[in-house]
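Note sheet for the following structure.
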Amino acid sequence: LVTRMRPFTSTIFAEMTALANRTGAVNLGQGFPDTDGPAGMLAVAKESIDAGLNQYPPGPGMPVLRQAIAEHRARFGTAYDPDTEILVTVGATEAIAASLLALVEPGDEVVLVEPYYDSYAASVALSGATRRTVGLVEEPGTGRLGLDTEALRAAIGPRTRAVLLNTPHNPTGTVFNRAELAEVARLCVEHDLVAITDEVYEHLVFDDREHVPLATLPGMAERTVTISGAGKTFSCTGWKIGWVCAPAALVDAVRAAKQFLTFVGGAPFQPAVAHALREELPWVAELRASLQDKRSRLAEGLTAAGFAVRPSEGTYFITADVRPLGFADGAELCRELPGRIGVAGVPVQVFTDHPDRWRHLVRFAFCKRDEVLDEAVARLHRLS
Ligand code: PMP
Ligand code: GLN
């Protein structure tokens, strides 16, 4: 069957998690935490079910959650009207899909940073637009995968309608800095582009780095659709509560698409996430510190096992170069690893349009208990 979804039949996460389960491997492939979010938040969800919040919530999301999202965005320095400028979605995934469906047309071009989160290419395809990718480049000395602003400029043409940017960045762990974001902002203003930003890891930044929302830069608030969600911030990836913040006209368009994708979702989780945004940020600060330690723990373990790790500045993920171990292809290695030594990772090349350029890198998730990370590292030592 030839359809526009043909290239997207199975996600790498489904494939690698199935392989990990089949082989009993330690799963550092799919990024989800193996401990629960704040107890207070879980309690509110249970109370909400008992209180009968089990029917369709309002289309834009429950007022209590939209209010809490507005207060939370204010901490990052942006102001949104909870009644007209915020929309609750079924995870960030739906927010991204609905934003593209609403804001770009067949024939338009959307610029993506490569490697890109896998749903971006699929959502651009659903919208009928074409993607143009701009590869991150390794900075000399540090190995940090930074934004190639020259390549970004070159990727923008007369048909470009939108730029989709993810910071902190999955799969590399790069946190884009002010200089990089200022260049993105300048180009968006100069070419009158819409910016769609995926900030689901906004709280998960390490070593005192700052997460800078693109919408806070000059000229950007009026043209930026800011997307985030509860899954990563509060370790509840299965709840699928996400949101869109943007000027009212943009939110109206996204809502028009969203209402025919899922209409609404997650009724009893919405008050729980509202509670978490208001009361559980101290818990999130501990999560961030713990993830920072886990990042360092896995980085050291991977290095000792013979990988060349790239710096991870945030998120759940670190990337590792497999060439020092004598392997040429990360995808081959990832298909072999679970059966051979009992560890699962994800090849970075599947998040790109240029697999040859990225075939040396594998992504490992460190959002796992220390003993799980240690077991994975012990097994990875058997590779050399
Ligand atoms: N964007 C990025 C960068 C992600 O890593 C993920 C999933 N972990 C998502 C979006 C999807 O978020 P959600 O589960 O809220 O749909
Ligand atoms: N976002 C998670 C990751 O990047 C998993 C999401 C998924 O399974 N679709 O690993």
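Going through the structure tokens in order, the chains are called A, B, and so on, while each chain numbers its residues from 1 and the ligands are numbered from 1 in the order shown.
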List every residue of segment 232-375 of chain A that DSSP, applied to the backbone of this structure, assigns to helix (DSSP H, G or I), and report them as a ChimeraX atom specification. /A:232-233,248-258,269-279,281-304,323-325,330-341,348-351,355-358,370-375
Would you give me, as a tab-separated table, each residue of chain A having an atom within 6 Å of an atom of ligand 2, along with its shortest atom pair and that distance in Å to one decimal, using only C-alpha atoms and all ligand atoms and sorting by chain and residue number?
residue	atom	partner	partner_atom_place_in_ligand_line	distance
A:Phe13	CA	ligand 2	8 (O)	4.9
A:Gln30	CA	ligand 2	10 (O)	3.8
A:Gly31	CA	ligand 2	10 (O)	3.5
Emit the selected residues as an mmCIF file, in the first residue's frame, including C-alpha atoms.
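The resulting file, out12.cif, is shown below:
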data_model
loop_
_atom_site.group_PDB
_atom_site.id
_atom_site.type_symbol
_atom_site.label_atom_id
_atom_site.label_comp_id
_atom_site.auth_asym_id
_atom_site.auth_seq_id
_atom_site.Cartn_x
_atom_site.Cartn_y
_atom_site.Cartn_z
ATOM 1 C CA PHE A 13 11.354 2.640 20.150
ATOM 2 C CA GLN A 30 13.381 3.980 25.010
ATOM 3 C CA GLY A 31 13.524 7.060 27.244
#
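Counting only C-alpha atoms, the residue from A:Arg278, A:Arg382, A:Val343, A:Glu150 that sits nearest to Leu325 of chain A is A:Arg382.
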List all protein, DNA and RNA residues that have at least one atom no more than 6 Å from any atom of ligand 1, counting only C-alpha atoms and all ligand atoms, and write them as a PyMOL selection string. chain A and resi 91-93+117+170+198+200+229+231+237+240+242
Could those selected residues go to a file with N, CA and C atoms, as a PDB file, in the first residue's frame?
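Below is the file that was written, part-v5.pdb:
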ATOM      1  N   GLY A  91      -0.293  14.696  25.178  1.00  0.00           N
ATOM      2  CA  GLY A  91       1.162  14.658  25.081  1.00  0.00           C
ATOM      3  C   GLY A  91       1.687  15.741  24.151  1.00  0.00           C
ATOM      4  N   ALA A  92       3.012  15.885  24.189  1.00  0.00           N
ATOM      5  CA  ALA A  92       3.659  16.824  23.274  1.00  0.00           C
ATOM      6  C   ALA A  92       3.547  16.300  21.844  1.00  0.00           C
ATOM      7  N   THR A  93       3.458  14.993  21.694  1.00  0.00           N
ATOM      8  CA  THR A  93       3.364  14.404  20.348  1.00  0.00           C
ATOM      9  C   THR A  93       2.158  14.951  19.596  1.00  0.00           C
ATOM     10  N   TYR A 117      13.747  14.306  16.674  1.00  0.00           N
ATOM     11  CA  TYR A 117      12.856  13.351  17.333  1.00  0.00           C
ATOM     12  C   TYR A 117      11.968  12.711  16.264  1.00  0.00           C
ATOM     13  N   ASN A 170      16.705  16.052  22.156  1.00  0.00           N
ATOM     14  CA  ASN A 170      16.717  14.608  22.032  1.00  0.00           C
ATOM     15  C   ASN A 170      17.060  14.294  20.569  1.00  0.00           C
ATOM     16  N   ASP A 198       9.840  22.541  20.865  1.00  0.00           N
ATOM     17  CA  ASP A 198       9.528  21.380  21.702  1.00  0.00           C
ATOM     18  C   ASP A 198      10.441  21.471  22.925  1.00  0.00           C
ATOM     19  N   VAL A 200       9.997  19.822  25.993  1.00  0.00           N
ATOM     20  CA  VAL A 200       9.550  18.853  27.001  1.00  0.00           C
ATOM     21  C   VAL A 200      10.613  18.575  28.069  1.00  0.00           C
ATOM     22  N   GLY A 229       5.202  19.590  28.214  1.00  0.00           N
ATOM     23  CA  GLY A 229       4.317  18.564  28.742  1.00  0.00           C
ATOM     24  C   GLY A 229       4.802  18.074  30.091  1.00  0.00           C
ATOM     25  N   GLY A 231       5.176  14.733  31.040  1.00  0.00           N
ATOM     26  CA  GLY A 231       5.799  13.411  31.073  1.00  0.00           C
ATOM     27  C   GLY A 231       7.214  13.409  31.625  1.00  0.00           C
ATOM     28  N   THR A 237       5.416   9.604  31.883  1.00  0.00           N
ATOM     29  CA  THR A 237       5.352   9.598  30.413  1.00  0.00           C
ATOM     30  C   THR A 237       4.092   8.904  29.882  1.00  0.00           C
ATOM     31  N   LYS A 240       0.524  11.244  29.195  1.00  0.00           N
ATOM     32  CA  LYS A 240       0.322  11.964  27.940  1.00  0.00           C
ATOM     33  C   LYS A 240      -0.462  13.271  28.121  1.00  0.00           C
ATOM     34  N   GLY A 242       0.155  17.083  27.546  1.00  0.00           N
ATOM     35  CA  GLY A 242       1.038  18.080  26.952  1.00  0.00           C
ATOM     36  C   GLY A 242       0.299  19.391  26.785  1.00  0.00           C
TER      37      GLY A 242
END
Within 12 Å of His72 of chain A using only C-alpha atoms, minus same-chain residues under 5 positions, as an MDAnalysis selection string: chainID A and resid 65:67 77:80 82 86 202:203 228:230 233 243 245 273:281
List the neighbours of Ala95 of chain A out to 10 Å using only C-alpha atoms; skip same-chain residues closer than 6 positions along the sequence, and give me the result as a ChimeraX atom specification. /A:87-89,101,196,198,225-229,241-245,254-255,257-258
Preceding selection exported with C-alpha atoms as a tab-separated table (two decimals), in the first residue's frame:
chain	number	residue	atom	x	y	z
A	87	LEU	CA	-4.29	24.46	24.81
A	88	VAL	CA	-3.94	21.12	26.61
A	89	THR	CA	-3.06	18.21	24.32
A	101	LEU	CA	-1.38	20.24	10.57
A	196	ILE	CA	7.48	25.59	16.80
A	198	ASP	CA	9.53	21.38	21.70
A	225	VAL	CA	4.28	27.98	19.32
A	226	THR	CA	5.82	26.71	22.56
A	227	ILE	CA	5.16	23.06	23.32
A	228	SER	CA	5.85	21.23	26.55
A	229	GLY	CA	4.32	18.56	28.74
A	241	ILE	CA	-0.54	15.44	29.19
A	242	GLY	CA	1.04	18.08	26.95
A	243	TRP	CA	0.34	21.68	26.05
A	244	VAL	CA	0.69	24.43	23.49
A	245	CYS	CA	1.29	28.09	24.39
A	254	VAL	CA	-3.95	24.37	16.51
A	255	ARG	CA	-7.15	23.72	18.50
A	257	ALA	CA	-6.76	20.51	14.22
A	258	LYS	CA	-6.51	18.97	17.69
